[in-house]
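Novice: Please find data.cif (mmCIF, C-alpha atoms and all ligand atoms) on the next line:
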data_query
loop_
_atom_site.label_atom_id
_atom_site.label_comp_id
_atom_site.auth_asym_id
_atom_site.auth_seq_id
_atom_site.Cartn_x
_atom_site.Cartn_y
_atom_site.Cartn_z
CA MET J 1 32.83 35.75 -73.24
CA THR J 2 34.33 35.10 -69.83
CA LEU J 3 33.39 31.85 -68.16
CA PRO J 4 32.34 32.02 -64.47
CA ARG J 5 35.30 31.21 -62.25
CA ILE J 6 35.12 27.92 -60.39
CA PRO J 7 35.56 28.64 -56.67
CA SER J 8 38.56 27.09 -54.92
CA PRO J 9 37.82 23.85 -52.98
CA GLY J 10 37.91 25.71 -49.65
CA ARG J 11 35.62 28.46 -50.92
CA ALA J 12 33.20 25.92 -52.43
CA LEU J 13 32.97 24.15 -49.06
CA GLN J 14 32.29 27.46 -47.30
CA LEU J 15 29.61 28.33 -49.88
CA GLY J 16 27.94 24.93 -49.47
CA ALA J 17 27.87 25.35 -45.68
CA SER J 18 26.43 28.89 -45.98
CA VAL J 19 23.71 27.81 -48.43
CA TRP J 20 22.72 24.91 -46.13
CA PHE J 21 22.71 27.22 -43.10
CA ILE J 22 20.43 29.78 -44.81
CA ALA J 23 17.98 27.06 -45.94
CA ALA J 24 17.96 25.45 -42.47
CA THR J 25 17.46 28.81 -40.75
CA LEU J 26 14.38 29.55 -42.88
CA GLY J 27 12.87 26.15 -42.06
CA GLN J 28 13.78 26.27 -38.37
CA TRP J 29 12.39 29.78 -37.92
CA ALA J 30 9.13 28.72 -39.56
CA PHE J 31 8.97 25.97 -36.89
CA VAL J 32 9.78 28.53 -34.15
CA LEU J 33 7.04 30.86 -35.43
CA PHE J 34 4.54 28.00 -35.41
CA ILE J 35 5.48 27.09 -31.80
CA LEU J 36 5.21 30.73 -30.72
CA LEU J 37 1.81 31.28 -32.35
CA PHE J 38 0.28 27.91 -31.49
CA PHE J 39 1.60 27.12 -27.99
CA GLY J 40 2.24 30.76 -26.98
CA GLY J 41 -1.15 31.86 -28.35
CA HIS J 42 -3.14 29.16 -26.53
CA GLY J 43 -1.07 29.68 -23.37
CA LEU J 44 -1.65 33.46 -23.32
CA SER J 45 -5.37 33.24 -24.11
CA GLY J 46 -5.86 30.52 -21.47
CA ASP J 47 -7.58 28.29 -24.06
CA LEU J 48 -5.53 25.22 -23.19
CA ALA J 49 -8.19 22.79 -24.46
CA GLY J 50 -7.66 24.43 -27.89
CA LEU J 51 -4.16 22.88 -27.92
CA ASN J 52 -5.89 19.66 -28.92
CA ASP J 53 -7.16 21.29 -32.14
CA LYS J 54 -4.16 19.55 -33.70
CA PRO J 55 -2.98 15.96 -33.18
CA HIS J 56 -0.46 15.31 -30.38
CA VAL J 57 0.79 12.14 -28.76
CA THR J 58 -0.98 12.95 -25.47
CA GLY J 59 -1.52 16.69 -25.62
CA TYR J 60 -3.65 18.63 -23.11
CA VAL J 61 -5.41 16.47 -20.51
CA PRO J 62 -7.96 18.29 -18.25
CA GLY J 63 -6.93 17.94 -14.60
CA ASP J 64 -3.33 16.80 -15.29
CA THR J 65 -1.76 20.10 -14.20
CA PHE J 66 1.84 18.85 -13.94
CA GLY J 67 1.72 16.86 -17.17
CA ASN J 68 0.15 19.78 -19.06
CA LEU J 69 2.76 22.15 -17.68
CA GLN J 70 5.56 19.82 -18.80
CA PHE J 71 3.99 19.45 -22.25
CA ILE J 72 3.55 23.21 -22.85
CA ALA J 73 6.90 24.14 -21.26
CA HIS J 74 8.63 21.46 -23.37
CA ALA J 75 7.16 22.80 -26.62
CA LEU J 76 8.00 26.43 -25.72
CA MET J 77 11.55 25.43 -24.70
CA GLY J 78 11.77 23.74 -28.12
CA GLY J 79 11.05 27.10 -29.76
CA VAL J 80 13.60 28.98 -27.63
CA VAL J 81 16.40 26.44 -28.15
CA THR J 82 15.80 26.22 -31.92
CA PHE J 83 15.93 30.03 -32.21
CA ALA J 84 18.98 30.37 -29.94
CA GLY J 85 20.87 27.66 -31.87
CA THR J 86 20.89 29.61 -35.15
CA TRP J 87 22.85 32.55 -33.72
CA GLN J 88 25.59 30.33 -32.30
CA LEU J 89 26.59 29.28 -35.82
CA LEU J 90 27.21 32.81 -37.09
CA PRO J 91 31.00 33.36 -37.28
CA ALA J 92 30.57 37.18 -37.38
CA LEU J 93 28.67 37.12 -34.07
CA ARG J 94 31.35 34.96 -32.44
CA ARG J 95 34.11 37.29 -33.63
CA ARG J 96 32.51 40.69 -33.03
CA TRP J 97 30.35 40.04 -29.97
CA PRO J 98 31.90 37.08 -28.13
CA GLY J 99 29.92 38.01 -24.99
CA ILE J 100 26.63 37.42 -26.85
CA HIS J 101 27.97 34.08 -28.16
CA ARG J 102 28.81 33.05 -24.58
CA TRP J 103 25.46 34.09 -23.03
CA ASN J 104 23.37 32.75 -25.89
CA GLY J 105 25.48 29.58 -25.72
CA ARG J 106 24.64 29.14 -22.02
CA LEU J 107 20.95 29.65 -22.86
CA PHE J 108 21.15 27.16 -25.77
CA LEU J 109 22.98 24.49 -23.80
CA GLY J 110 20.92 25.00 -20.61
CA ILE J 111 17.58 24.80 -22.45
CA SER J 112 18.87 21.85 -24.52
CA LEU J 113 19.51 19.91 -21.30
CA LEU J 114 16.14 20.90 -19.79
CA GLY J 115 14.30 20.21 -23.07
CA ALA J 116 15.85 16.76 -23.41
CA LEU J 117 15.04 15.92 -19.76
CA SER J 118 11.43 17.13 -20.09
CA GLY J 119 11.14 15.14 -23.35
CA LEU J 120 12.35 12.02 -21.55
CA TYR J 121 9.81 12.75 -18.78
CA LEU J 122 6.96 13.11 -21.33
CA THR J 123 7.95 9.87 -23.03
CA TRP J 124 8.74 7.63 -20.07
CA VAL J 125 6.75 9.08 -17.16
CA ARG J 126 3.72 10.73 -18.78
CA GLY J 127 3.60 7.88 -21.29
CA SER J 128 3.48 9.93 -24.55
CA ARG J 129 4.76 7.10 -26.73
CA LEU J 130 4.06 6.34 -30.37
CA GLY J 131 5.64 2.89 -30.71
CA VAL J 132 8.73 0.88 -29.74
CA GLY J 133 10.88 1.93 -32.73
CA SER J 134 10.25 5.65 -32.45
CA ASN J 135 10.62 5.49 -28.62
CA VAL J 136 14.08 3.97 -28.98
CA SER J 137 15.00 6.63 -31.56
CA ILE J 138 13.75 9.69 -29.62
CA THR J 139 15.27 8.33 -26.39
CA ALA J 140 18.66 7.88 -28.08
CA ASN J 141 18.31 11.39 -29.52
CA GLY J 142 17.56 12.76 -26.02
CA VAL J 143 20.47 10.92 -24.36
CA LEU J 144 22.85 12.12 -27.10
CA ILE J 145 21.64 15.72 -26.58
CA LEU J 146 22.50 15.38 -22.86
CA ALA J 147 25.94 13.95 -23.74
CA PHE J 148 26.99 16.42 -26.44
CA ALA J 149 25.51 19.53 -24.75
CA THR J 150 27.54 18.58 -21.63
CA LEU J 151 30.70 17.93 -23.68
CA ALA J 152 30.27 21.23 -25.58
CA TRP J 153 29.89 23.10 -22.28
CA ARG J 154 32.85 21.35 -20.65
CA SER J 155 35.20 21.94 -23.60
CA ALA J 156 34.20 25.64 -23.69
CA LEU J 157 35.01 25.97 -19.96
CA ARG J 158 38.38 24.29 -20.61
CA ARG J 159 38.92 26.70 -23.53
CA ASP J 160 39.46 23.73 -25.86
CA PHE J 161 37.73 25.44 -28.78
CA VAL J 162 38.54 22.78 -31.40
CA ARG J 163 36.61 20.15 -29.42
CA HIS J 164 33.99 22.72 -28.36
CA ARG J 165 33.12 23.50 -32.01
CA ARG J 166 32.72 19.80 -32.89
CA HIS J 167 30.58 18.95 -29.86
CA ALA J 168 28.48 22.12 -30.16
CA LEU J 169 27.74 21.36 -33.84
CA ARG J 170 26.67 17.83 -32.86
CA ALA J 171 24.45 19.22 -30.08
CA PHE J 172 22.95 21.74 -32.55
CA LEU J 173 22.01 18.99 -35.04
CA LEU J 174 20.67 16.67 -32.31
CA VAL J 175 18.55 19.43 -30.77
CA ASN J 176 17.12 20.01 -34.24
CA GLY J 177 16.28 16.29 -34.53
CA VAL J 178 12.58 17.03 -33.93
CA TRP J 179 12.60 19.58 -36.76
CA PHE J 180 14.48 17.16 -39.07
CA LEU J 181 11.86 14.52 -38.16
CA ARG J 182 9.02 16.79 -39.25
CA ILE J 183 10.58 17.79 -42.57
CA GLY J 184 11.71 14.17 -43.11
CA ILE J 185 8.12 12.92 -42.68
CA MET J 186 6.94 15.58 -45.13
CA LEU J 187 9.56 14.53 -47.73
CA ALA J 188 8.72 10.85 -47.25
CA GLY J 189 5.02 11.70 -47.58
CA LEU J 190 5.62 13.63 -50.81
CA ALA J 191 7.69 10.78 -52.25
CA LEU J 192 5.38 7.94 -51.15
CA ALA J 193 1.89 9.44 -51.59
CA PRO J 194 1.92 8.96 -55.41
CA LEU J 195 2.74 5.26 -54.79
CA GLY J 196 -0.28 4.95 -52.48
CA VAL J 197 1.90 4.23 -49.41
CA GLU J 198 0.45 5.63 -46.16
CA ILE J 199 2.70 6.54 -43.23
CA ASN J 200 1.61 5.38 -39.77
CA TYR J 201 3.38 5.91 -36.44
CA THR J 202 4.42 2.30 -35.91
CA GLY J 203 5.27 1.49 -39.52
CA MET J 204 8.75 1.07 -41.00
CA VAL J 205 8.72 4.43 -42.81
CA PHE J 206 8.03 6.47 -39.66
CA VAL J 207 10.56 4.51 -37.59
CA GLY J 208 13.14 4.79 -40.42
CA VAL J 209 12.64 8.57 -40.70
CA SER J 210 12.85 8.84 -36.86
CA PHE J 211 16.33 7.29 -36.81
CA ALA J 212 17.35 9.14 -39.99
CA SER J 213 16.35 12.48 -38.39
CA TRP J 214 19.44 12.44 -36.16
CA LEU J 215 21.69 9.77 -37.71
CA ILE J 216 21.91 11.39 -41.18
CA PRO J 217 22.68 14.94 -39.90
CA LEU J 218 25.40 13.54 -37.58
CA THR J 219 26.92 11.52 -40.45
CA VAL J 220 26.89 14.49 -42.83
CA LEU J 221 28.56 16.59 -40.12
CA GLU J 222 31.36 14.02 -39.69
CA LEU J 223 31.90 14.02 -43.48
CA TYR J 224 31.98 17.84 -43.46
CA LEU J 225 34.58 17.92 -40.67
CA ARG J 226 36.71 15.41 -42.59
CA ALA J 227 36.39 17.43 -45.81
CA GLU J 228 37.51 20.53 -43.90
CA ARG J 229 40.64 18.72 -42.69
CA SER J 230 41.36 17.16 -46.10
CA GLN J 231 43.99 18.74 -48.34
CA ARG J 232 42.41 17.18 -51.46
CA ALA J 233 40.01 19.04 -53.73
CA VAL J 234 37.63 16.13 -54.52
CA PRO J 235 36.23 15.58 -50.98
CA ARG J 236 35.73 19.33 -50.56
CA TYR J 237 33.85 19.77 -53.86
CA ALA J 238 31.84 16.58 -53.18
CA MET J 239 30.89 17.86 -49.71
CA ALA J 240 29.93 21.26 -51.14
CA GLY J 241 27.63 19.46 -53.61
CA LEU J 242 26.11 17.32 -50.84
CA LEU J 243 25.41 20.42 -48.76
CA GLY J 244 23.75 22.07 -51.79
CA VAL J 245 21.47 19.05 -52.33
CA SER J 246 20.72 18.92 -48.57
CA ALA J 247 19.78 22.61 -48.67
CA LEU J 248 17.24 21.93 -51.45
CA LEU J 249 15.75 19.00 -49.49
CA VAL J 250 15.57 21.11 -46.33
CA LEU J 251 13.77 23.89 -48.23
CA ALA J 252 11.31 21.48 -49.86
CA GLY J 253 10.59 19.66 -46.56
CA SER J 254 10.16 22.94 -44.68
CA ALA J 255 7.80 24.37 -47.33
CA ALA J 256 5.72 21.18 -47.14
CA ALA J 257 5.66 21.31 -43.31
CA VAL J 258 4.45 24.93 -43.43
CA ALA J 259 1.75 24.12 -45.99
CA PHE J 260 0.50 20.78 -44.66
CA MET J 261 1.39 20.75 -40.95
CA TRP J 262 1.85 24.17 -39.36
CA LEU J 263 -0.52 26.51 -41.25
CA PRO J 264 -3.50 24.11 -41.03
CA ALA J 265 -2.95 23.79 -37.25
CA LEU J 266 -3.08 27.58 -36.91
CA ARG J 267 -6.44 27.91 -38.70
CA PRO J 268 -9.27 28.50 -36.20
CA GLY J 269 -11.21 25.32 -35.43
CA ALA J 270 -8.58 23.02 -37.00
CA ALA J 271 -9.87 19.44 -36.79
CA PRO J 272 -8.08 17.06 -34.36
C1 LIG I 1 15.74 19.47 -27.31
C2 LIG I 1 15.17 19.27 -28.48
C3 LIG I 1 13.66 19.14 -28.59
C4 LIG I 1 12.82 20.05 -29.15
C5 LIG I 1 13.22 21.32 -29.87
C6 LIG I 1 11.47 19.52 -29.00
C7 LIG I 1 10.32 20.16 -29.42
C8 LIG I 1 9.05 19.68 -29.26
C9 LIG I 1 7.83 20.34 -29.66
C10 LIG I 1 7.77 21.70 -30.34
C11 LIG I 1 6.79 19.54 -29.34
C12 LIG I 1 5.33 19.81 -29.58
C13 LIG I 1 4.97 19.21 -30.90
C14 LIG I 1 3.51 19.35 -31.25
O1 LIG I 1 2.74 18.56 -30.73
O2 LIG I 1 3.22 20.20 -32.08
C15 LIG I 1 7.33 18.36 -28.75
C16 LIG I 1 6.59 17.30 -28.31
C17 LIG I 1 7.09 16.17 -27.73
N1 LIG I 1 8.41 15.90 -27.45
FE1 LIG I 1 9.96 17.11 -27.87
N2 LIG I 1 11.55 18.30 -28.37
C18 LIG I 1 12.87 18.04 -28.11
C19 LIG I 1 13.38 16.91 -27.53
C20 LIG I 1 12.63 15.82 -27.13
C21 LIG I 1 13.17 14.61 -26.59
C22 LIG I 1 14.66 14.34 -26.43
C23 LIG I 1 12.11 13.80 -26.31
C24 LIG I 1 12.09 12.41 -25.73
C25 LIG I 1 13.10 11.78 -25.23
C26 LIG I 1 10.92 14.51 -26.67
C27 LIG I 1 9.64 14.03 -26.50
C28 LIG I 1 8.50 14.67 -26.88
C29 LIG I 1 7.18 14.11 -26.78
C30 LIG I 1 6.81 12.75 -26.19
C31 LIG I 1 6.28 15.05 -27.29
C32 LIG I 1 4.77 14.89 -27.50
C33 LIG I 1 3.95 15.32 -26.34
C34 LIG I 1 2.49 15.12 -26.70
O3 LIG I 1 2.13 15.24 -27.88
O4 LIG I 1 1.70 14.87 -25.80
N3 LIG I 1 11.26 15.73 -27.15
N4 LIG I 1 8.71 18.46 -28.70
#
Translate this file's structure into structure tokens.
Specialist:
Amino acid sequence: MTLPRIPSPGRALQLGASVWFIAATLGQWAFVLFILLFFGGHGLSGDLAGLNDKPHVTGYVPGDTFGNLQFIAHALMGGVVTFAGTWQLLPALRRRWPGIHRWNGRLFLGISLLGALSGLYLTWVRGSRLGVGSNVSITANGVLILAFATLAWRSALRRDFVRHRRHALRAFLLVNGVWFLRIGIMLAGLALAPLGVEINYTGMVFVGVSFASWLIPLTVLELYLRAERSQRAVPRYAMAGLLGVSALLVLAGSAAAVAFMWLPALRPGAAP
């Protein structure tokens, strides 16, 4: 009997990254599909009041034309930027069709900047705030998106592709902070419900998951970049294992978000 060959440290790291990317793409595209069906559907049918069939922070307010426009445009931009981000990470696309990588990159970075600015507007001007802790977290997330999207753009223009890759990966994870937040809340809910712990918007669990939704992905990325540079096998195998576990968590959180958050909101007459 031949034993399965253990992949080399470099190959294991690549495999871990690919498995995480596939899991994240499935979850992110489920989020994109929800945005398209829910916000796009209500927008196209003109039934804007129906947007409040699911809970929002402020949501649709009759008469507030500018605020409603910002809210709907922000959500739709969220869908576009999440979808565009996936393609930027495909090495084959970068190699074979660099023109598509460049144009999709401009779209991703441009919408990231606009999405972060409209999010800051919704939070600080329209007043869509959940509580002090989560406001600080989402504001930091928004400011970091502005910083890293700008740095990624600038390094690409300077043809400094080593820095460009690092900054663009950070921007990608930060832009997906809102998706990480949703799957994080689902995972926390699954873990804490059997203990009878309820999650509310101002409580420690929600605020903790808010910060974790961008701090943990950024930390894991830094560890991944270090493992890539390391010549030792242990950090590379350890990182591959961490990416495998993260992929399982991402899949579980995304499945729970589909079942308990996005599908119920798409059912006709969903309760607010
Ligand atoms: C660029 C990445 C972002 C994406 C992909 C994104 C996506 C979304 C989506 C899809 C919604 C609608 C959620 C729903 O109610 O179902 C939303 C709502 C919201 N976003 Fe963002 N967002 C991003 C960044 C931000 C930032 C940086 C902020 C604040 C600084 C922010 C603040 C808000 C607020 C306040 C709402 C709730 C509006 C309401 O319910 O009335 N977003 N976002």
Novice: Go through segment 89-202 of chain J residue by residue and, counting all atoms listed in the file, keep those with an atom at most 9 Å from segment 49-65 of chain J; for each kept residue give the shortest atom pair and its distance in Å to one decimal, ordered by chain and increasing number, as JSON lines.
Specialist:
{"residue": "J:Leu122", "atom": "CA", "partner": "J:Thr58", "partner_atom": "CA", "distance": 9.0}
{"residue": "J:Arg126", "atom": "CA", "partner": "J:Thr58", "partner_atom": "CA", "distance": 8.5}
{"residue": "J:Gly127", "atom": "CA", "partner": "J:Thr58", "partner_atom": "CA", "distance": 8.0}
{"residue": "J:Ser128", "atom": "CA", "partner": "J:Val57", "partner_atom": "CA", "distance": 5.5}
{"residue": "J:Arg129", "atom": "CA", "partner": "J:Val57", "partner_atom": "CA", "distance": 6.7}
{"residue": "J:Leu130", "atom": "CA", "partner": "J:Val57", "partner_atom": "CA", "distance": 6.9}
Novice: Any residue with an atom at most 7 Å from ligand LIG 1 (chain I) counts, using all atoms listed in the file. Which are they? Put them as a PyMOL selection string.
Specialist: chain J and resi 35+55-59+71+74-79+81-82+112+115-117+119-120+122-123+128-129+138-139+141-142+175-178
Novice: Looking at only C-alpha atoms, which of J:Trp262, J:Phe148, J:Phe211, J:Phe161 is the one that sits closest to Val32 of chain J?
Specialist: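 When distances to Val32 of chain J are compared using only C-alpha atoms, the smallest one comes from J:Trp262.
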Novice: Rounded to one decimal place, report the atom CA of Ala30 of chain J-atom CA of Ala256 of chain J distance in Å.
Specialist: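 Pair atom CA of Ala30 of chain J / atom CA of Ala256 of chain J returns 11.2 Å.
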Novice: If we count all atoms listed in the file, what is near segment 9-13 of chain J at a cut-off of 12 Å, once residues fewer than 2 positions away on the same chain are taken out, given as number ranges by chain?
Specialist: J: 5-7, 15-20, 223-244
Novice: How far is it from atom CA of Glu222 of chain J to atom CA of Phe180 of chain J, in Å with one decimal?
Specialist: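 Answer for the atom CA of Glu222 of chain J to atom CA of Phe180 of chain J separation: 17.2 Å.
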Novice: May I ask which of the residues J:Asn104, J:Ser213, J:Asn135, J:Thr86 is the closest one to Ala24 of chain J, counting only C-alpha atoms?
Specialist: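 Among the listed residues, J:Thr86 lies closest to Ala24 of chain J.
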Novice: Pick out the closest residue to Leu187 of chain J from this set: J:Phe34, J:Phe206, J:Phe108, J:Trp87. Count all atoms listed in the file.
Specialist: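 Distance minimum relative to Leu187 of chain J lands on J:Phe206.
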Novice: Mind pulling up the distance from atom CA of Ser8 of chain J to atom CA of Arg165 of chain J?
Specialist: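 Spanning atom CA of Arg165 of chain J to atom CA of Ser8 of chain J is a straight-line distance of 23.8 Å.
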Novice: Would you list the residues near (20.1, 34.5, -22.7) (no more than 12 Å away, in the coordinates of the file, using all atoms listed in the file) as a list in words?
Specialist: Val80, Val81, Phe83, Ala84, Gly85, Trp87, Gln88, Gly99, Ile100, His101, Arg102, Trp103, Asn104, Gly105, Arg106, Leu107, Phe108, Leu109, Gly110 and Ile111 of chain J
Novice: Between J:Leu192, J:Val197, J:Leu266, J:Val209, which is the closest to Ser137 of chain J once you count only C-alpha atoms?
Specialist: J:Val209
Novice: Find, counting only C-alpha atoms, the residue in J:Ala257, J:Gly131, J:Thr150, J:His167 that gets nearest to Ala188 of chain J.
Specialist: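 Smallest separation from Ala188 of chain J among the options: J:Ala257.
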Novice: Go through J:Leu249, J:Leu173, J:Leu113, J:Val136 one by one, measure the shortest atom-to-atom distance of each to Gly208 of chain J using all atoms listed in the file, and give the residue with the smallest value.
Specialist: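 The answer is J:Val136, which sits nearest to Gly208 of chain J.
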